[in-house]
Amino acid sequence: MASLNVSSVLVVLFLTCEAVMATKENDQIVKENNCETKMGLPCVLEAFTSIFNTGSISNKCCGELVVFGKVCHSALVKRTLENPLFKDLNPATIIAKSIQKWNNCLALIDSPSPST
(Lines give C-alpha, C1' and ligand atoms only; values in the text may rest on other atoms or scores of the structure.)
Protein backbone atom coordinates (compact mmCIF):
# COMPACT_ATOMS: atom_id res chain seq x y z
CA MET A 1 0.00 0.00 0.00
CA ALA A 2 2.87 2.37 0.77
CA SER A 3 4.28 1.91 -2.70
CA LEU A 4 0.90 2.81 -4.17
CA ASN A 5 0.90 6.03 -2.17
CA VAL A 6 4.46 6.87 -3.26
CA SER A 7 3.56 6.15 -6.88
CA SER A 8 0.45 8.30 -6.60
CA VAL A 9 2.45 11.19 -5.21
CA LEU A 10 5.05 10.83 -7.94
CA VAL A 11 2.40 10.79 -10.64
CA VAL A 12 0.65 13.86 -9.26
CA LEU A 13 3.96 15.71 -9.07
CA PHE A 14 4.84 14.78 -12.62
CA LEU A 15 1.48 15.84 -13.96
CA THR A 16 1.62 19.16 -12.17
CA CYS A 17 5.16 19.92 -13.19
CA GLU A 18 4.05 23.31 -14.55
CA ALA A 19 4.00 24.42 -10.93
CA VAL A 20 7.41 22.94 -10.19
CA MET A 21 10.32 25.35 -10.03
CA ALA A 22 12.66 24.44 -12.82
CA THR A 23 15.60 25.98 -14.56
CA LYS A 24 14.79 28.24 -17.44
CA GLU A 25 16.77 25.96 -19.74
CA ASN A 26 14.61 22.89 -19.08
CA ASP A 27 11.42 24.96 -19.15
CA GLN A 28 12.49 26.45 -22.48
CA ILE A 29 13.21 23.01 -23.95
CA VAL A 30 9.87 21.65 -22.74
CA LYS A 31 7.97 24.64 -24.09
CA GLU A 32 9.73 24.89 -27.47
CA ASN A 33 9.27 21.18 -28.16
CA ASN A 34 5.67 20.92 -26.89
CA CYS A 35 6.90 18.08 -24.67
CA GLU A 36 3.87 18.02 -22.41
CA THR A 37 1.51 17.07 -25.24
CA LYS A 38 3.50 14.36 -27.04
CA MET A 39 2.70 11.26 -24.94
CA GLY A 40 -0.54 9.72 -23.79
CA LEU A 41 -1.24 9.83 -20.08
CA PRO A 42 -1.04 6.04 -19.50
CA CYS A 43 2.45 5.92 -21.04
CA VAL A 44 3.57 9.04 -19.18
CA LEU A 45 2.59 7.36 -15.92
CA GLU A 46 4.24 4.08 -16.88
CA ALA A 47 7.53 5.72 -17.94
CA PHE A 48 7.58 8.02 -14.92
CA THR A 49 6.96 5.16 -12.48
CA SER A 50 9.64 3.00 -14.10
CA ILE A 51 12.23 5.77 -13.80
CA PHE A 52 11.39 7.28 -10.41
CA ASN A 53 10.14 4.14 -8.70
CA THR A 54 10.20 0.61 -10.15
CA GLY A 55 8.81 -1.27 -13.09
CA SER A 56 9.28 -1.62 -16.78
CA ILE A 57 7.97 0.14 -19.85
CA SER A 58 5.71 -1.80 -22.21
CA ASN A 59 6.47 -2.10 -25.91
CA LYS A 60 3.59 0.25 -26.69
CA CYS A 61 4.88 2.91 -24.30
CA CYS A 62 8.44 2.42 -25.53
CA GLY A 63 7.14 3.37 -28.96
CA GLU A 64 5.52 6.50 -27.56
CA LEU A 65 8.66 7.35 -25.59
CA VAL A 66 10.86 7.15 -28.69
CA VAL A 67 8.42 9.36 -30.63
CA PHE A 68 8.37 11.69 -27.60
CA GLY A 69 12.09 12.18 -28.22
CA LYS A 70 15.25 12.14 -26.19
CA VAL A 71 15.30 15.94 -25.78
CA CYS A 72 11.85 15.99 -24.17
CA HIS A 73 12.56 12.87 -22.14
CA SER A 74 15.78 14.29 -20.68
CA ALA A 75 14.36 17.76 -20.03
CA LEU A 76 11.33 16.45 -18.14
CA VAL A 77 13.40 14.06 -16.03
CA LYS A 78 15.80 16.86 -15.11
CA ARG A 79 12.97 19.28 -14.44
CA THR A 80 11.27 16.76 -12.15
CA LEU A 81 14.52 16.22 -10.23
CA GLU A 82 14.62 19.95 -9.48
CA ASN A 83 11.46 19.65 -7.40
CA PRO A 84 12.35 19.84 -3.68
CA LEU A 85 10.10 16.84 -3.03
CA PHE A 86 12.65 14.70 -4.88
CA LYS A 87 15.63 15.98 -2.89
CA ASP A 88 16.17 12.57 -1.26
CA LEU A 89 16.67 10.87 -4.63
CA ASN A 90 20.15 10.59 -6.06
CA PRO A 91 20.03 12.58 -9.33
CA ALA A 92 22.88 10.58 -10.85
CA THR A 93 21.02 7.33 -10.19
CA ILE A 94 17.75 8.66 -11.65
CA ILE A 95 19.48 10.07 -14.72
CA ALA A 96 21.34 6.79 -15.26
CA LYS A 97 18.06 4.88 -14.93
CA SER A 98 16.42 7.32 -17.33
CA ILE A 99 19.17 6.81 -19.91
CA GLN A 100 18.94 3.04 -19.47
CA LYS A 101 15.16 3.09 -20.03
CA TRP A 102 15.60 5.32 -23.10
CA ASN A 103 18.29 3.06 -24.58
CA ASN A 104 16.22 -0.08 -23.91
CA CYS A 105 13.20 1.44 -25.65
CA LEU A 106 15.27 2.69 -28.55
CA ALA A 107 16.83 -0.76 -29.06
CA LEU A 108 13.39 -2.38 -28.87
CA ILE A 109 11.87 -0.01 -31.43
CA ASP A 110 14.89 -0.10 -33.75
CA SER A 111 15.19 -3.89 -33.75
CA PRO A 112 13.67 -5.59 -36.77
CA SER A 113 10.49 -7.50 -36.02
CA PRO A 114 10.63 -11.24 -36.64
CA SER A 115 9.20 -12.31 -39.98
CA THR A 116 6.34 -14.74 -40.01
# chains A, B, ... in the order shown; residues from 1 in each chain; ligands from 1

$ residues_around --residues "range 48-57 of chain A" --least-positions-apart "3" --cutoff "7 Å" --atoms "only C-alpha atoms" --output "list in words"
Ser7, Val44, Leu45, Cys61, Cys62, Ile94, Lys97 and Ser98 of chain A

$ write_last_selection --atoms "N, CA, C and O atoms" --output "CSV table (one decimal), in the first residue's frame"
chain,number,residue,atom,x,y,z
A,7,SER,N,3.8,6.0,-5.4
A,7,SER,CA,3.6,6.1,-6.9
A,7,SER,C,2.5,7.2,-7.2
A,7,SER,O,2.7,8.0,-8.1
A,44,VAL,N,2.8,8.1,-20.0
A,44,VAL,CA,3.6,9.0,-19.2
A,44,VAL,C,3.7,8.4,-17.8
A,44,VAL,O,4.8,8.4,-17.2
A,45,LEU,N,2.6,7.9,-17.3
A,45,LEU,CA,2.6,7.4,-15.9
A,45,LEU,C,3.5,6.1,-15.8
A,45,LEU,O,4.2,6.0,-14.9
A,61,CYS,N,4.4,1.6,-24.9
A,61,CYS,CA,4.9,2.9,-24.3
A,61,CYS,C,6.3,3.2,-24.7
A,61,CYS,O,6.7,4.4,-24.8
A,62,CYS,N,7.1,2.2,-25.0
A,62,CYS,CA,8.4,2.4,-25.5
A,62,CYS,C,8.3,3.1,-26.9
A,62,CYS,O,9.1,4.1,-27.2
A,94,ILE,N,19.0,8.5,-10.9
A,94,ILE,CA,17.8,8.7,-11.6
A,94,ILE,C,18.1,8.9,-13.1
A,94,ILE,O,17.5,8.4,-14.0
A,97,LYS,N,19.2,5.7,-14.7
A,97,LYS,CA,18.1,4.9,-14.9
A,97,LYS,C,17.2,5.4,-16.1
A,97,LYS,O,16.8,4.6,-16.9
A,98,SER,N,17.1,6.7,-16.2
A,98,SER,CA,16.4,7.3,-17.3
A,98,SER,C,17.1,7.0,-18.7
A,98,SER,O,16.4,6.6,-19.6

$ atom_distance --atom1 "CA of Asn83 in chain A" --atom2 "CA of Asn59 in chain A"
29.0 Å

$ atom_distance --atom1 "CA of Asn33 in chain A" --atom2 "CA of Lys87 in chain A"
26.6 Å

$ closest_residue --among "A:Asn26, A:Lys78, A:Leu65, A:Glu46" --to "Pro91 in chain A" --atoms "only C-alpha atoms"
A:Lys78

$ atom_distance --atom1 "CA of Leu81 in chain A" --atom2 "CA of Ile109 in chain A"
26.8 Å
